[in-house]
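One file, query_28.cif, is given below (mmCIF, C-alpha atoms; chains and numbers go by the auth columns).
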data_coords
loop_
_atom_site.group_PDB
_atom_site.id
_atom_site.type_symbol
_atom_site.label_atom_id
_atom_site.label_comp_id
_atom_site.label_asym_id
_atom_site.label_seq_id
_atom_site.Cartn_x
_atom_site.Cartn_y
_atom_site.Cartn_z
_atom_site.B_iso_or_equiv
_atom_site.auth_seq_id
_atom_site.auth_asym_id
ATOM 1 C CA MET A 1 81.881 22.717 153.333 0.00 1 A
ATOM 2 C CA PHE A 2 81.147 26.418 153.913 0.00 2 A
ATOM 3 C CA LYS A 3 77.970 27.539 155.601 0.00 3 A
ATOM 4 C CA ASP A 4 75.534 29.661 153.644 0.00 4 A
ATOM 5 C CA THR A 5 76.938 33.020 154.751 0.00 5 A
ATOM 6 C CA ALA A 6 78.583 35.903 152.943 0.00 6 A
ATOM 7 C CA LEU A 7 81.996 34.573 153.963 0.00 7 A
ATOM 8 C CA GLY A 8 81.044 31.074 152.833 0.00 8 A
ATOM 9 C CA SER A 9 79.833 32.390 149.488 0.00 9 A
ATOM 10 C CA PHE A 10 83.052 34.381 149.054 0.00 10 A
ATOM 11 C CA CYS A 11 85.192 31.329 149.882 0.00 11 A
ATOM 12 C CA ARG A 12 83.251 29.184 147.389 0.00 12 A
ATOM 13 C CA LYS A 13 83.853 31.790 144.666 0.00 13 A
ATOM 14 C CA ILE A 14 87.578 31.897 145.434 0.00 14 A
ATOM 15 C CA LEU A 15 87.800 28.093 145.346 0.00 15 A
ATOM 16 C CA CYS A 16 85.895 28.037 142.052 0.00 16 A
ATOM 17 C CA LEU A 17 88.323 30.568 140.546 0.00 17 A
ATOM 18 C CA LEU A 18 91.279 28.524 141.751 0.00 18 A
ATOM 19 C CA ASP A 19 89.773 25.335 140.319 0.00 19 A
ATOM 20 C CA CYS A 20 89.195 27.068 136.977 0.00 20 A
ATOM 21 C CA GLY A 21 92.812 28.263 136.932 0.00 21 A
ATOM 22 C CA ALA A 22 94.304 24.848 137.747 0.00 22 A
ATOM 23 C CA PRO A 23 94.554 23.665 134.102 0.00 23 A
ATOM 24 C CA VAL A 24 96.486 26.802 133.192 0.00 24 A
ATOM 25 C CA GLY A 25 98.742 26.263 136.209 0.00 25 A
ATOM 26 C CA ASP A 26 99.374 22.677 135.085 0.00 26 A
ATOM 27 C CA LEU A 27 100.301 23.920 131.606 0.00 27 A
ATOM 28 C CA VAL A 28 102.615 26.616 132.985 0.00 28 A
ATOM 29 C CA LEU A 29 104.329 24.026 135.188 0.00 29 A
ATOM 30 C CA ARG A 30 104.869 21.714 132.195 0.00 30 A
ATOM 31 C CA ILE A 31 106.220 24.520 130.003 0.00 31 A
ATOM 32 C CA TRP A 32 108.475 25.884 132.747 0.00 32 A
ATOM 33 C CA VAL A 33 110.243 22.616 133.536 0.00 33 A
ATOM 34 C CA ALA A 34 110.331 21.523 129.869 0.00 34 A
ATOM 35 C CA ASN A 35 112.042 24.782 128.936 0.00 35 A
ATOM 36 C CA VAL A 36 114.927 24.061 131.312 0.00 36 A
ATOM 37 C CA PHE A 37 115.687 20.682 129.760 0.00 37 A
ATOM 38 C CA TRP A 38 115.011 21.866 126.182 0.00 38 A
ATOM 39 C CA LYS A 39 117.574 24.697 126.500 0.00 39 A
ATOM 40 C CA SER A 40 120.104 22.267 127.937 0.00 40 A
ATOM 41 C CA GLY A 41 119.552 19.910 124.995 0.00 41 A
ATOM 42 C CA LEU A 42 119.996 22.747 122.502 0.00 42 A
ATOM 43 C CA THR A 43 123.248 23.719 124.200 0.00 43 A
ATOM 44 C CA LYS A 44 124.516 20.136 124.027 0.00 44 A
ATOM 45 C CA ILE A 45 123.654 19.681 120.363 0.00 45 A
ATOM 46 C CA SER A 46 124.993 23.095 119.308 0.00 46 A
ATOM 47 C CA SER A 47 128.490 22.167 120.477 0.00 47 A
ATOM 48 C CA LEU A 48 128.738 18.425 120.107 0.00 48 A
ATOM 49 C CA SER A 49 132.524 18.349 120.544 0.00 49 A
ATOM 50 C CA SER A 50 132.246 20.204 123.866 0.00 50 A
ATOM 51 C CA THR A 51 129.443 17.895 124.941 0.00 51 A
ATOM 52 C CA MET A 52 131.543 14.828 124.161 0.00 52 A
ATOM 53 C CA TYR A 53 134.476 16.313 126.071 0.00 53 A
ATOM 54 C CA LEU A 54 132.301 16.987 129.123 0.00 54 A
ATOM 55 C CA PHE A 55 130.796 13.502 129.072 0.00 55 A
ATOM 56 C CA GLU A 56 134.246 11.926 128.704 0.00 56 A
ATOM 57 C CA TYR A 57 136.212 13.964 131.262 0.00 57 A
ATOM 58 C CA GLU A 58 133.856 15.957 133.504 0.00 58 A
ATOM 59 C CA TYR A 59 130.722 13.910 134.091 0.00 59 A
ATOM 60 C CA ALA A 60 130.938 10.572 135.844 0.00 60 A
ATOM 61 C CA VAL A 61 128.088 8.820 134.051 0.00 61 A
ATOM 62 C CA PRO A 62 127.751 5.318 135.483 0.00 62 A
ATOM 63 C CA ILE A 63 127.590 2.059 133.511 0.00 63 A
ATOM 64 C CA ILE A 64 127.380 3.214 129.870 0.00 64 A
ATOM 65 C CA PRO A 65 130.125 4.611 127.590 0.00 65 A
ATOM 66 C CA PHE A 66 130.330 8.409 127.498 0.00 66 A
ATOM 67 C CA GLU A 67 129.411 8.657 123.778 0.00 67 A
ATOM 68 C CA ILE A 68 126.167 6.751 124.289 0.00 68 A
ATOM 69 C CA ALA A 69 125.423 8.744 127.441 0.00 69 A
ATOM 70 C CA ALA A 70 125.922 12.021 125.567 0.00 70 A
ATOM 71 C CA TYR A 71 123.599 11.057 122.718 0.00 71 A
ATOM 72 C CA LEU A 72 120.983 9.702 125.142 0.00 72 A
ATOM 73 C CA ALA A 73 121.139 12.950 127.121 0.00 73 A
ATOM 74 C CA ILE A 74 120.680 15.030 123.966 0.00 74 A
ATOM 75 C CA ALA A 75 117.758 12.875 122.843 0.00 75 A
ATOM 76 C CA ALA A 76 116.141 12.989 126.291 0.00 76 A
ATOM 77 C CA GLU A 77 116.490 16.757 126.566 0.00 77 A
ATOM 78 C CA LEU A 78 115.076 17.408 123.098 0.00 78 A
ATOM 79 C CA VAL A 79 112.258 14.833 122.926 0.00 79 A
ATOM 80 C CA LEU A 80 110.896 14.557 126.477 0.00 80 A
ATOM 81 C CA PRO A 81 110.281 18.311 126.941 0.00 81 A
ATOM 82 C CA LEU A 82 108.177 18.343 123.761 0.00 82 A
ATOM 83 C CA LEU A 83 106.080 15.497 125.123 0.00 83 A
ATOM 84 C CA LEU A 84 105.618 17.448 128.361 0.00 84 A
ATOM 85 C CA VAL A 85 104.614 20.691 126.663 0.00 85 A
ATOM 86 C CA PHE A 86 101.994 19.026 124.478 0.00 86 A
ATOM 87 C CA GLY A 87 100.922 16.627 127.200 0.00 87 A
ATOM 88 C CA ILE A 88 101.615 13.468 125.202 0.00 88 A
ATOM 89 C CA ALA A 89 102.565 10.536 127.451 0.00 89 A
ATOM 90 C CA ALA A 90 103.310 13.315 129.909 0.00 90 A
ATOM 91 C CA ARG A 91 103.580 11.125 132.986 0.00 91 A
ATOM 92 C CA ALA A 92 106.102 8.870 131.260 0.00 92 A
ATOM 93 C CA ALA A 93 108.045 11.933 130.069 0.00 93 A
ATOM 94 C CA ALA A 94 107.995 13.464 133.553 0.00 94 A
ATOM 95 C CA GLY A 95 109.134 10.165 135.082 0.00 95 A
ATOM 96 C CA ALA A 96 111.970 9.810 132.581 0.00 96 A
ATOM 97 C CA LEU A 97 113.111 13.399 133.156 0.00 97 A
ATOM 98 C CA PHE A 98 112.855 12.861 136.924 0.00 98 A
ATOM 99 C CA VAL A 99 115.290 9.922 136.669 0.00 99 A
ATOM 100 C CA PHE A 100 117.438 11.849 134.171 0.00 100 A
ATOM 101 C CA ASN A 101 117.619 14.748 136.636 0.00 101 A
ATOM 102 C CA ILE A 102 118.810 12.423 139.427 0.00 102 A
ATOM 103 C CA VAL A 103 121.451 10.870 137.171 0.00 103 A
ATOM 104 C CA ALA A 104 122.621 14.357 136.177 0.00 104 A
ATOM 105 C CA VAL A 105 123.198 15.312 139.824 0.00 105 A
ATOM 106 C CA ILE A 106 124.953 12.030 140.620 0.00 106 A
ATOM 107 C CA SER A 107 127.123 12.263 137.491 0.00 107 A
ATOM 108 C CA TYR A 108 128.359 15.772 138.195 0.00 108 A
ATOM 109 C CA PRO A 109 130.117 15.535 141.567 0.00 109 A
ATOM 110 C CA THR A 110 131.369 19.144 141.538 0.00 110 A
ATOM 111 C CA LEU A 111 127.884 20.622 141.153 0.00 111 A
ATOM 112 C CA ASN A 112 127.656 23.635 143.461 0.00 112 A
ATOM 113 C CA ALA A 113 124.963 24.265 146.075 0.00 113 A
ATOM 114 C CA VAL A 114 122.915 26.533 143.790 0.00 114 A
ATOM 115 C CA GLY A 115 122.943 23.882 141.071 0.00 115 A
ATOM 116 C CA ILE A 116 121.793 21.243 143.530 0.00 116 A
ATOM 117 C CA VAL A 117 118.890 23.452 144.655 0.00 117 A
ATOM 118 C CA GLN A 118 117.890 24.041 141.015 0.00 118 A
ATOM 119 C CA HIS A 119 117.863 20.307 140.353 0.00 119 A
ATOM 120 C CA GLN A 120 115.800 19.767 143.511 0.00 120 A
ATOM 121 C CA VAL A 121 113.213 22.316 142.335 0.00 121 A
ATOM 122 C CA TRP A 122 113.052 20.695 138.886 0.00 122 A
ATOM 123 C CA GLY A 123 112.749 17.302 140.551 0.00 123 A
ATOM 124 C CA VAL A 124 109.778 18.447 142.640 0.00 124 A
ATOM 125 C CA MET A 125 108.114 19.976 139.571 0.00 125 A
ATOM 126 C CA LEU A 126 108.568 16.729 137.648 0.00 126 A
ATOM 127 C CA LEU A 127 107.319 14.689 140.602 0.00 127 A
ATOM 128 C CA VAL A 128 104.138 16.791 140.733 0.00 128 A
ATOM 129 C CA LEU A 129 103.575 16.157 137.019 0.00 129 A
ATOM 130 C CA LEU A 130 104.289 12.465 137.459 0.00 130 A
ATOM 131 C CA LEU A 131 101.849 12.114 140.365 0.00 131 A
ATOM 132 C CA ARG A 132 99.052 14.422 139.176 0.00 132 A
ATOM 133 C CA GLY A 133 99.315 14.068 135.399 0.00 133 A
ATOM 134 C CA PRO A 134 99.442 16.843 132.826 0.00 134 A
ATOM 135 C CA GLY A 135 96.029 18.355 133.518 0.00 135 A
ATOM 136 C CA LYS A 136 93.124 19.249 131.264 0.00 136 A
ATOM 137 C CA ILE A 137 95.075 21.269 128.706 0.00 137 A
ATOM 138 C CA SER A 138 96.886 18.262 127.262 0.00 138 A
ATOM 139 C CA ILE A 139 96.604 15.705 124.512 0.00 139 A
ATOM 140 C CA ASP A 140 96.601 12.985 127.188 0.00 140 A
ATOM 141 C CA HIS A 141 93.418 14.478 128.697 0.00 141 A
ATOM 142 C CA PHE A 142 91.806 14.798 125.260 0.00 142 A
ATOM 143 C CA ILE A 143 92.553 11.142 124.474 0.00 143 A
ATOM 144 C CA ARG A 144 91.300 9.982 127.885 0.00 144 A
ATOM 145 C CA LYS A 145 88.108 11.990 127.581 0.00 145 A
ATOM 146 C CA HIS A 146 87.222 11.287 123.939 0.00 146 A
ATOM 147 C CA PHE A 147 88.582 7.812 123.314 0.00 147 A
ATOM 148 C CA LEU A 148 88.763 6.100 126.683 0.00 148 A
ATOM 149 C CA GLY A 149 85.622 7.583 128.215 0.00 149 A
ATOM 150 C CA HIS A 150 87.345 8.930 131.328 0.00 150 A
ATOM 151 C CA THR A 151 86.372 12.353 132.557 0.00 151 A
ATOM 152 C CA ALA A 152 88.257 12.304 135.867 0.00 152 A
ATOM 153 C CA ARG A 153 91.596 14.054 136.123 0.00 153 A
ATOM 154 C CA ASN A 154 93.433 10.819 136.845 0.00 154 A
ATOM 155 C CA PRO A 155 91.598 7.665 135.797 0.00 155 A
#
Go ahead and express the file in the form of structure tokens.
Amino acid sequence: MFKDTALGSFCRKILCLLDCGAPVGDLVLRIWVANVFWKSGLTKISSLSSTMYLFEYEYAVPIIPFEIAAYLAIAAELVLPLLLVFGIAARAAAGALFVFNIVAVISYPTLNAVGIVQHQVWGVMLLVLLLRGPGKISIDHFIRKHFLGHTARNP
């Protein structure tokens, strides 16, 4: 790719450093987005009566009763982030949180512009995890490598 020059050698070293840092970047991305949903789940469970009130009167959750929606939201926000952080079924967790994030925006019609931008950023982060996988610092990678014989990032 790069000719055998000083500039080419420098560029190869930079690319190598970036490649070596990618697993840490993947982990940081997983922790960052998981933290957002985890904190939201803790808030919901710490004040269950307020959560029920919001799901009954404020949020316009489609199809299912508000009580079931509230408990599903709490479960999603407390279980799926843990799966992301540890990299267990991380693509499934990222996909579920991606859909959950969309439903959250649709269900809260008075969400302000800043809130919409935040949800868009979280959605992009989750989409990256869904498409690329959790990376090398994950239980998924360990299982793929040691039990399924795959060494590629995405088999």
_Going by the chain IDs and residue numbers used in this file, which residues fall under the PyMOL selection byres ((chain A and resi 86) around 12)? Write them as an NGL selection string._
:A and (26-28 or 30-31 or 34 or 79-85 or 87-91 or 93 or 134-142)
*asked:* I need the output of the PyMOL selection byres ((chain A and resi 76) around 10) for this file as a PyMOL selection string; which residues are they?
replied: chain A and resi 37-38+41+70-75+77-82+93+96-97+100
Residue selection dump (C-alpha atoms) as a PDB file, keeping the file's coordinate frame:
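So the final result, stored in part_8.pdb, reads:
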ATOM      1  CA  PHE A  37     115.687  20.682 129.760  1.00  0.00           C
ATOM      2  CA  TRP A  38     115.011  21.866 126.182  1.00  0.00           C
ATOM      3  CA  GLY A  41     119.552  19.910 124.995  1.00  0.00           C
ATOM      4  CA  ALA A  70     125.922  12.021 125.567  1.00  0.00           C
ATOM      5  CA  TYR A  71     123.599  11.057 122.718  1.00  0.00           C
ATOM      6  CA  LEU A  72     120.983   9.702 125.142  1.00  0.00           C
ATOM      7  CA  ALA A  73     121.139  12.950 127.121  1.00  0.00           C
ATOM      8  CA  ILE A  74     120.680  15.030 123.966  1.00  0.00           C
ATOM      9  CA  ALA A  75     117.758  12.875 122.843  1.00  0.00           C
ATOM     10  CA  GLU A  77     116.490  16.757 126.566  1.00  0.00           C
ATOM     11  CA  LEU A  78     115.076  17.408 123.098  1.00  0.00           C
ATOM     12  CA  VAL A  79     112.258  14.833 122.926  1.00  0.00           C
ATOM     13  CA  LEU A  80     110.896  14.557 126.477  1.00  0.00           C
ATOM     14  CA  PRO A  81     110.281  18.311 126.941  1.00  0.00           C
ATOM     15  CA  LEU A  82     108.177  18.343 123.761  1.00  0.00           C
ATOM     16  CA  ALA A  93     108.045  11.933 130.069  1.00  0.00           C
ATOM     17  CA  ALA A  96     111.970   9.810 132.581  1.00  0.00           C
ATOM     18  CA  LEU A  97     113.111  13.399 133.156  1.00  0.00           C
ATOM     19  CA  PHE A 100     117.438  11.849 134.171  1.00  0.00           C
TER      20      PHE A 100
END
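One finds CA of Ala69 in chain A at 11.9 Å from CA of Tyr53 in chain A.
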*Write out as a VMD selection string which residues come within 10 Å of Ala104 in chain A when counting only C-alpha atoms, dropping same-chain ones fewer than 3 positions away.*
chain A and resid 59 to 61 73 98 to 101 107 to 109 111 119
